[in-house]
Amino acid sequence: MDCDTARRAAEGLDADGFIRRRDTLRKKRDTLQSQLPELAGAVARLEEQARTLGGEGPASRKAAADEEAEAAAAALARLRSEADTLALLLKVLKEAQQDAARRYLAPVTRRIEPYVRRLLPSASLSFGEDLKPQLLTRAGREEAAEMLSKGTQEQIAILTRLAFADLLIDKGQPASLVLDDALVFADDDRFDTMMEILAEASGRMQVLVLSCRASAYRALSATRLSIRPA
């Protein structure tokens with residue numbers, strides 16, 4: 001696969017398809033990358049073997065050594081070719097991921113910005129190339145997403161999913177938002193704000209909230225279903 005082919009493939013992906021493809025490629029990339037040290041060790045051993053098998057000796061031993069040296073050299077060539085292929089694949093995968101990320105980062109950032117500002121006034125959120133929240137900027141100070149409180153991380157995760165759902169709807173595709181015992185770490189003010197955002201979203205998409213805290217969601221105008229043990 002060359003770079004142009006990878007870029008064309010990335011440009012044709014939709015949001016859901018890209019996410020699935022991205023996760024599959026990332027797993028393959030990680031697997032291949034983990035094999036590179038082992039391949040490098042095998043190459044080094046074969047190089048040493050190729051250097052030592054050609055020594056002088058009785059004719060029968062030299063013939064066997066020459067044959068082994070030839071086989072080692074052929075194996076070395078195959079391993080080098082495989083290593084070069086893996087290196088190229090890693091390069092192509094990274095470029096494809098970067099191209100696809102650029103396609104989606106700007107729209108997702110624009111979509112999530114008003115939600116973030118409602119939840120955290122004067123704050124802004126940026127994403128990494130993996131399309132995950134990376135930095136939250138507020139009061140002129142940048143905070144890594146993984147260092148935020150559990151409640152803030154949870155709320156940003158919901159808003160990010162909502163932003164992706166909005167993008168799908170913009171493209172004429174159906175979208176649903178399913179939350180399972182979400183907002184357990186939210187204080188009262190943020191919980192109320194998130195309820196307002198979810199209530200507005202329910203006018204554009206199906207929003208399903210699974211929770212054992214039915215009283216917390218009474219303010220939502222929604223159909224309520226109860227699951228009772230048989």
# chains A, B, ... in the order shown; residues from 1 in each chain; ligands from 1
$ closest_atom_pairs --of "region 59-135 of chain A" --to "region 158-178 of chain A" --cutoff "10 Å" --atoms "only C-alpha atoms" --output "Markdown table"
| residue | atom | partner | partner_atom | distance |
| --- | --- | --- | --- | --- |
| A:Tyr104 | CA | A:Phe164 | CA | 9.2 |
| A:Pro107 | CA | A:Leu167 | CA | 7.6 |
| A:Val108 | CA | A:Ala163 | CA | 6.0 |
| A:Thr109 | CA | A:Ala163 | CA | 8.2 |
| A:Arg110 | CA | A:Ala163 | CA | 8.6 |
| A:Arg111 | CA | A:Ala163 | CA | 5.3 |
| A:Ile112 | CA | A:Ala163 | CA | 5.3 |
| A:Glu113 | CA | A:Ala163 | CA | 9.1 |
| A:Pro114 | CA | A:Leu159 | CA | 9.9 |
| A:Tyr115 | CA | A:Leu159 | CA | 6.7 |
| A:Val116 | CA | A:Leu159 | CA | 7.5 |
| A:Leu119 | CA | A:Leu159 | CA | 9.6 |
| A:Leu125 | CA | A:Thr160 | CA | 9.9 |
| A:Phe127 | CA | A:Thr160 | CA | 9.9 |
| A:Leu131 | CA | A:Thr160 | CA | 9.5 |
| A:Lys132 | CA | A:Thr160 | CA | 8.4 |
| A:Pro133 | CA | A:Thr160 | CA | 7.9 |
$ closest_residue --among "A:Ser211, A:Leu93, A:Ala73, A:Leu39" --to "Lys27 (chain A)" --atoms "only C-alpha atoms"
A:Leu93
$ select_by_dssp --residues "region 9-217 of chain A" --states "helix (DSSP H, G or I)" --output "VMD selection string"
chain A and resid 9 to 11 15 to 52 59 to 119 145 to 147 150 to 170 188 to 201 214 to 217
$ closest_residue --among "A:Leu88, A:Ala63, A:Leu136, A:Leu198" --to "Pro121 (chain A)" --atoms "only C-alpha atoms"
A:Leu136
